[in-house]
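A.B. asks: Dropping in start_13.cif, which is mmCIF, C-alpha atoms and all ligand atoms:
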```cif
data_final
#
loop_
_atom_site.label_atom_id
_atom_site.label_comp_id
_atom_site.auth_asym_id
_atom_site.auth_seq_id
_atom_site.Cartn_x
_atom_site.Cartn_y
_atom_site.Cartn_z
CA MET C 1 -8.40 7.18 -9.71
CA VAL C 2 -5.52 7.66 -7.27
CA LYS C 3 -4.17 4.36 -6.00
CA ILE C 4 -3.21 3.84 -2.38
CA ALA C 5 -1.22 1.00 -0.83
CA VAL C 6 -1.83 0.50 2.88
CA PHE C 7 0.95 -1.07 4.97
CA ALA C 8 -0.10 -2.71 8.26
CA SER C 9 1.24 -5.17 10.82
CA GLY C 10 -1.71 -5.96 13.06
CA ASN C 11 -5.38 -5.37 13.68
CA GLY C 12 -6.09 -3.14 10.71
CA SER C 13 -8.93 -0.95 11.99
CA ASN C 14 -7.36 2.03 10.21
CA PHE C 15 -7.00 -0.02 7.03
CA GLU C 16 -10.72 -0.70 7.20
CA ALA C 17 -11.58 2.96 7.81
CA ILE C 18 -9.42 4.05 4.86
CA VAL C 19 -11.15 1.49 2.64
CA GLU C 20 -14.68 2.27 3.82
CA LYS C 21 -14.41 6.05 3.67
CA LYS C 22 -12.61 6.26 0.35
CA GLN C 23 -13.18 9.38 -1.71
CA ARG C 24 -11.00 10.31 -4.70
CA TYR C 25 -8.84 7.23 -4.16
CA GLU C 26 -9.00 3.47 -4.11
CA VAL C 27 -7.05 1.08 -1.90
CA SER C 28 -5.32 -1.09 -4.49
CA VAL C 29 -3.23 -3.34 -2.28
CA LEU C 30 -2.40 -4.22 1.33
CA ILE C 31 1.20 -4.95 2.31
CA CYS C 32 1.53 -6.80 5.61
CA ASP C 33 4.72 -7.98 7.32
CA GLN C 34 2.99 -10.43 9.73
CA LYS C 35 1.41 -13.60 8.38
CA ASN C 36 -1.14 -13.94 11.20
CA ALA C 37 -2.26 -10.31 11.30
CA PHE C 38 -6.01 -9.71 11.54
CA VAL C 39 -5.77 -7.03 8.86
CA LEU C 40 -5.39 -9.85 6.28
CA TYR C 41 -8.93 -11.05 7.07
CA ARG C 42 -10.25 -7.54 6.66
CA ALA C 43 -8.59 -7.28 3.23
CA LYS C 44 -10.13 -10.57 2.16
CA ARG C 45 -13.56 -9.33 3.21
CA PHE C 46 -13.17 -6.21 1.06
CA LEU C 47 -11.66 -8.24 -1.82
CA ILE C 48 -8.48 -6.17 -1.67
CA PRO C 49 -5.32 -8.01 -2.76
CA SER C 50 -2.93 -8.51 0.13
CA TYR C 51 0.70 -9.59 0.25
CA VAL C 52 2.55 -10.93 3.28
CA ILE C 53 6.17 -9.86 2.98
CA GLU C 54 8.15 -11.00 5.99
CA ARG C 55 11.37 -9.19 6.80
CA THR C 56 13.01 -12.46 7.90
CA ALA C 57 12.67 -13.86 4.37
CA TYR C 58 15.22 -11.34 3.07
CA ARG C 59 18.90 -10.82 3.77
CA SER C 60 18.66 -7.06 4.09
CA ILE C 61 16.16 -4.23 4.39
CA VAL C 62 17.14 -3.26 0.83
CA GLU C 63 16.08 -6.65 -0.55
CA TYR C 64 12.94 -6.63 1.61
CA GLU C 65 11.87 -3.22 0.32
CA GLU C 66 12.78 -4.10 -3.28
CA ALA C 67 10.34 -7.00 -3.04
CA ILE C 68 7.65 -4.61 -1.78
CA LEU C 69 8.46 -2.06 -4.47
CA LYS C 70 7.95 -4.66 -7.19
CA ILE C 71 4.39 -5.19 -5.97
CA LEU C 72 3.70 -1.47 -5.68
CA LYS C 73 4.79 -1.03 -9.31
CA ILE C 74 2.46 -3.81 -10.48
CA TYR C 75 -0.47 -2.01 -8.83
CA GLN C 76 0.76 1.42 -10.05
CA VAL C 77 0.54 2.80 -6.54
CA ASP C 78 0.60 6.59 -6.13
CA TRP C 79 0.65 6.94 -2.33
CA ILE C 80 1.52 4.74 0.64
CA ALA C 81 -0.43 5.00 3.90
CA LEU C 82 1.20 3.31 6.88
CA ALA C 83 -1.52 2.18 9.30
CA GLY C 84 -0.07 0.38 12.28
CA TYR C 85 2.97 -0.73 10.25
CA MET C 86 5.52 -1.35 12.95
CA ARG C 87 8.72 -0.97 10.91
CA ILE C 88 11.07 1.80 9.98
CA VAL C 89 10.85 2.65 6.29
CA GLY C 90 14.20 2.47 4.50
CA SER C 91 15.78 4.34 1.62
CA ILE C 92 14.42 2.15 -1.20
CA LEU C 93 10.81 3.09 -0.45
CA LEU C 94 11.62 6.64 0.68
CA ASN C 95 13.39 7.34 -2.62
CA ALA C 96 10.67 5.70 -4.70
CA PHE C 97 7.87 7.66 -2.96
CA PRO C 98 9.32 11.05 -1.94
CA GLN C 99 6.80 12.94 0.25
CA ARG C 100 4.22 10.31 -0.65
CA ILE C 101 4.40 8.04 2.39
CA LEU C 102 2.02 8.92 5.22
CA ASN C 103 1.91 7.60 8.77
CA ILE C 104 -0.57 7.79 11.61
CA HIS C 105 0.73 7.92 15.17
CA PRO C 106 -1.31 7.83 18.40
CA SER C 107 0.07 10.96 20.09
CA LEU C 108 0.54 14.65 19.46
CA LEU C 109 4.03 14.44 17.98
CA PRO C 110 6.72 15.40 18.84
CA LEU C 111 5.38 14.09 22.17
CA TYR C 112 5.58 10.33 22.75
CA PRO C 113 7.25 9.06 19.57
CA GLY C 114 8.10 5.41 18.96
CA LYS C 115 6.40 2.42 20.51
CA ASP C 116 3.57 2.45 23.06
CA ALA C 117 2.70 6.12 22.62
CA ILE C 118 -0.55 5.71 24.59
CA GLY C 119 1.23 3.99 27.48
CA GLN C 120 3.82 6.77 27.48
CA ALA C 121 1.09 9.43 27.75
CA ILE C 122 -0.61 7.64 30.65
CA ALA C 123 2.69 7.07 32.47
CA ASN C 124 3.30 10.80 32.12
CA ASN C 125 -0.10 11.58 33.70
CA ALA C 126 -0.99 13.55 30.59
CA LYS C 127 -4.40 15.26 30.56
CA THR C 128 -4.48 15.23 26.78
CA THR C 129 -2.92 13.29 23.96
CA GLY C 130 -4.06 12.77 20.39
CA VAL C 131 -3.41 11.68 16.86
CA THR C 132 -0.84 12.86 14.32
CA ILE C 133 -0.68 12.25 10.60
CA HIS C 134 2.72 13.00 9.15
CA TYR C 135 4.99 12.33 6.20
CA ILE C 136 7.55 9.62 6.70
CA ASP C 137 11.23 10.50 6.63
CA SER C 138 14.28 8.51 7.69
CA GLY C 139 13.75 9.21 11.43
CA ILE C 140 11.29 7.67 13.89
CA ASP C 141 8.08 9.74 13.84
CA THR C 142 10.00 12.86 12.83
CA GLY C 143 8.53 13.66 9.39
CA LYS C 144 6.61 16.85 8.59
CA ILE C 145 3.27 16.99 10.39
CA ILE C 146 0.17 17.24 8.19
CA ALA C 147 -2.70 17.11 10.71
CA GLN C 148 -3.30 16.59 14.42
CA ALA C 149 -6.34 16.08 16.62
CA GLU C 150 -6.40 16.33 20.40
CA VAL C 151 -8.05 13.81 22.70
CA ASN C 152 -8.76 14.31 26.40
CA ILE C 153 -7.60 11.75 28.96
CA GLU C 154 -10.29 11.89 31.64
CA PRO C 155 -9.51 10.82 35.21
CA GLY C 156 -9.90 7.07 35.61
CA MET C 157 -9.42 6.21 31.94
CA ASP C 158 -7.18 3.19 31.48
CA GLU C 159 -5.07 2.43 28.43
CA GLU C 160 -7.88 0.57 26.67
CA ALA C 161 -10.28 3.48 27.14
CA VAL C 162 -7.76 5.99 25.80
CA ARG C 163 -6.99 3.71 22.84
CA ALA C 164 -10.70 3.48 22.00
CA VAL C 165 -11.09 7.27 21.89
CA ILE C 166 -7.87 7.70 19.92
CA GLN C 167 -8.85 5.10 17.36
CA LYS C 168 -12.29 6.61 16.86
CA CYS C 169 -10.51 9.85 16.06
CA GLU C 170 -7.97 8.11 13.77
CA HIS C 171 -10.70 6.46 11.72
CA ILE C 172 -12.20 9.85 10.90
CA LEU C 173 -8.99 11.84 10.44
CA TYR C 174 -6.89 9.48 8.28
CA PRO C 175 -9.31 9.06 5.35
CA GLN C 176 -10.08 12.81 5.48
CA VAL C 177 -6.41 13.76 5.28
CA ILE C 178 -5.69 11.35 2.41
CA THR C 179 -8.63 12.76 0.44
CA LYS C 180 -7.54 16.33 1.17
CA LEU C 181 -3.96 15.72 0.00
CA ILE C 182 -5.23 14.20 -3.23
CA GLU C 183 -7.63 17.09 -3.82
CA GLU C 184 -4.83 19.60 -3.21
CA GLU C 185 -2.64 17.79 -5.70
CA ASN C 186 -5.45 17.64 -8.28
CA ASN C 187 -6.05 21.38 -7.84
CA GLU C 188 -2.35 22.11 -8.36
CA LYS C 189 -2.32 20.02 -11.53
CA GLY C 190 -5.66 21.46 -12.65
CA THR C 191 -7.02 17.93 -13.08
CA ASN C 192 -10.07 18.10 -10.90
C1 LIG E 1 -2.98 2.86 15.49
O1 LIG E 1 -3.53 3.39 16.67
C2 LIG E 1 -1.79 3.67 15.03
O2 LIG E 1 -1.88 5.01 15.39
C3 LIG E 1 -0.67 2.99 15.76
O3 LIG E 1 -0.98 1.63 15.70
C4 LIG E 1 -2.40 1.47 15.74
C5 LIG E 1 -2.81 0.47 14.70
O4 LIG E 1 -4.15 0.14 14.83
N1 LIG E 1 0.58 3.27 15.14
C6 LIG E 1 1.73 3.41 15.80
O5 LIG E 1 1.82 3.28 17.00
C7 LIG E 1 2.92 3.75 14.93
N2 LIG E 1 4.04 4.13 15.72
P1 LIG E 1 -4.94 -0.63 13.68
O6 LIG E 1 -4.07 -1.83 13.28
O7 LIG E 1 -6.22 -1.07 14.32
O8 LIG E 1 -5.14 0.31 12.55
#
```
Before anything else, please render the file you have as structure tokens.
Ligand code: GAR
C.D. replies:
Amino acid sequence: MVKIAVFASGNGSNFEAIVEKKQRYEVSVLICDQKNAFVLYRAKRFLIPSYVIERTAYRSIVEYEEAILKILKIYQVDWIALAGYMRIVGSILLNAFPQRILNIHPSLLPLYPGKDAIGQAIANNAKTTGVTIHYIDSGIDTGKIIAQAEVNIEPGMDEEAVRAVIQKCEHILYPQVITKLIEEENNEKGTN
């Protein structure tokens, strides 16, 4: 079974969707950089091991990511799925998981990268926005795009309303894309 590590910093609704809709993979471990994040309660409920690794406990991003990498090796993780992980991924993890770190972002990249993508779309009076799943590279939301889904912003929708529609879409798309990537890899290897 393919083993996924989910990285999250906050609420964790995508973590939960990835766990609940798992097909061809299992979520082996949660890595969280915030000790009070709600996602930790979700992990407990699903009996998934979780580790709080705070950036401030380490002198450098290299040491921080080496601590994470140690855990990923223990769980023999194959893929990393960032799900509301609000940090830039550095070279230690990028080199250890080349083209195997996924991210979900609440806009149609390259539009509205970085923080507050939904707020940016609303401030721009956008009629549509959406969801992007992409590989992580060393830039901010610049990695190769794997899948996108468009969401309409109807007149009168506030940020909360747009977020609700976007998240509904995320919870369907992210598990689907992870499963599809694994199936494609299995087909290539002939190990279906
Ligand atoms: C998600 O909407 C995700 O797209 C976004 O954070 C939210 C996390 O929600 N990610 C980013 O903005 C990354 N730049 P969740 O904690 O409920 O899964």
A.B. asks: Fewer than 4 positions away in the same chain doesn't count, so skip those; otherwise give me all residues within 12 Å of Gly143 of chain C, counting all atoms listed in the file, as a VMD selection string.
C.D. replies: chain C and resid 89 94 98 to 105 109 to 110 113 132 to 139 147
A.B. asks: Counting all atoms listed in the file, what residues are within 6 Å of ligand LIG 1 (chain E), given as a ChimeraX atom specification?
C.D. replies: /C:10-15,83-84,104-106,114-115,167
A.B. asks: Can you tell me, as lines of an AutoDock Vina configuration file, the centre and edge lengths (Å, one decimal) of the axis-aligned box enclosing all of segment 99-104 of chain C's listed atoms after padding each side by 3 Å?
C.D. replies:
```
center_x = 3.1
center_y = 10.3
center_z = 5.5
size_x = 13.4
size_y = 11.3
size_z = 18.3
```
A.B. asks: Closest to Ile172 of chain C among C:Asp158, C:Glu65, C:Asp141, C:Glu20, using only C-alpha atoms?
C.D. replies: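 Among the listed residues, the smallest separation from Ile172 of chain C belongs to C:Glu20.
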A.B. asks: For a quick check of understanding, using all atoms listed in the file, which of C:Lys21, C:Ala121, C:Gln176, C:Asp78 has the smallest distance to Ile153 of chain C?
C.D. replies: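 Closest to Ile153 of chain C, using all atoms listed in the file: C:Ala121.
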A.B. asks: May I ask for the distance between atom CA of Gln76 of chain C and atom CA of Asn186 of chain C, given in Å to one decimal place?
C.D. replies: 17.5 Å
A.B. asks: Work out how far atom CA of Leu173 of chain C is from atom CA of Phe46 of chain C, in Å to one decimal.
C.D. replies: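 Atom CA of Leu173 of chain C lies 20.8 Å from atom CA of Phe46 of chain C.
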A.B. asks: Looking at only C-alpha atoms, which of C:Leu108, C:Ala5, C:Ala81, C:Ile178 is the one that sits closest to Gly130 of chain C?
C.D. replies: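 Distance minimum relative to Gly130 of chain C lands on C:Leu108.
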A.B. asks: Have a look at atom CA of Val39 of chain C and atom CA of Met86 of chain C and let me know their distance in Å, one decimal.
C.D. replies: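 Distance reported for this atom pair: 13.3 Å.
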A.B. asks: Select, from C:Val177, C:Ala17, C:Ala67, C:Val2, the residue with the minimum atom-to-atom distance to Ile145 of chain C, counting all atoms listed in the file.
C.D. replies: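 Of the candidates, the smallest distance to Ile145 of chain C is held by C:Val177.
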A.B. asks: Using only C-alpha atoms, pick whichever of C:Leu181, C:Leu93, C:Ile88, C:Leu111 has the shortest atom-to-atom distance to Ala126 of chain C.
C.D. replies: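 Distance minimum relative to Ala126 of chain C lands on C:Leu111.
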A.B. asks: Taking (-14.9, -7.1, -0.9) in the coordinates of the supplied file, I want to know which residues reach to within 12 Å of it, counting only C-alpha atoms; could you give the answer as an mmCIF file with C-alpha atoms, in the frame of the given file?
C.D. replies:
```cif
data_model
loop_
_atom_site.group_PDB
_atom_site.id
_atom_site.type_symbol
_atom_site.label_atom_id
_atom_site.label_comp_id
_atom_site.auth_asym_id
_atom_site.auth_seq_id
_atom_site.Cartn_x
_atom_site.Cartn_y
_atom_site.Cartn_z
ATOM 1 C CA GLU C 16 -10.720 -0.700 7.200
ATOM 2 C CA VAL C 19 -11.150 1.490 2.640
ATOM 3 C CA GLU C 20 -14.680 2.270 3.820
ATOM 4 C CA VAL C 27 -7.050 1.080 -1.900
ATOM 5 C CA SER C 28 -5.320 -1.090 -4.490
ATOM 6 C CA TYR C 41 -8.930 -11.050 7.070
ATOM 7 C CA ARG C 42 -10.250 -7.540 6.660
ATOM 8 C CA ALA C 43 -8.590 -7.280 3.230
ATOM 9 C CA LYS C 44 -10.130 -10.570 2.160
ATOM 10 C CA ARG C 45 -13.560 -9.330 3.210
ATOM 11 C CA PHE C 46 -13.170 -6.210 1.060
ATOM 12 C CA LEU C 47 -11.660 -8.240 -1.820
ATOM 13 C CA ILE C 48 -8.480 -6.170 -1.670
ATOM 14 C CA PRO C 49 -5.320 -8.010 -2.760
#
```
A.B. asks: Compile the contact shell of Tyr85 of chain C as a PyMOL selection string: residues with an atom at most 6 Å away, counting all atoms listed in the file, same-chain residues fewer than 5 positions apart removed.
C.D. replies: chain C and resi 7-9
A.B. asks: From the options C:Ile182, C:Ile18, C:Ile122, C:Ile61, which residue's atoms come nearest to Glu159 of chain C, counting all atoms listed in the file?
C.D. replies: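 Comparing C:Ile182, C:Ile18, C:Ile122, C:Ile61 against Glu159 of chain C, the winner is C:Ile122.
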A.B. asks: Counting all atoms listed in the file, what is within 7 Å of Thr128 of chain C, bar same-chain residues fewer than 5 positions away, as a PyMOL selection string?
C.D. replies: chain C and resi 150-153
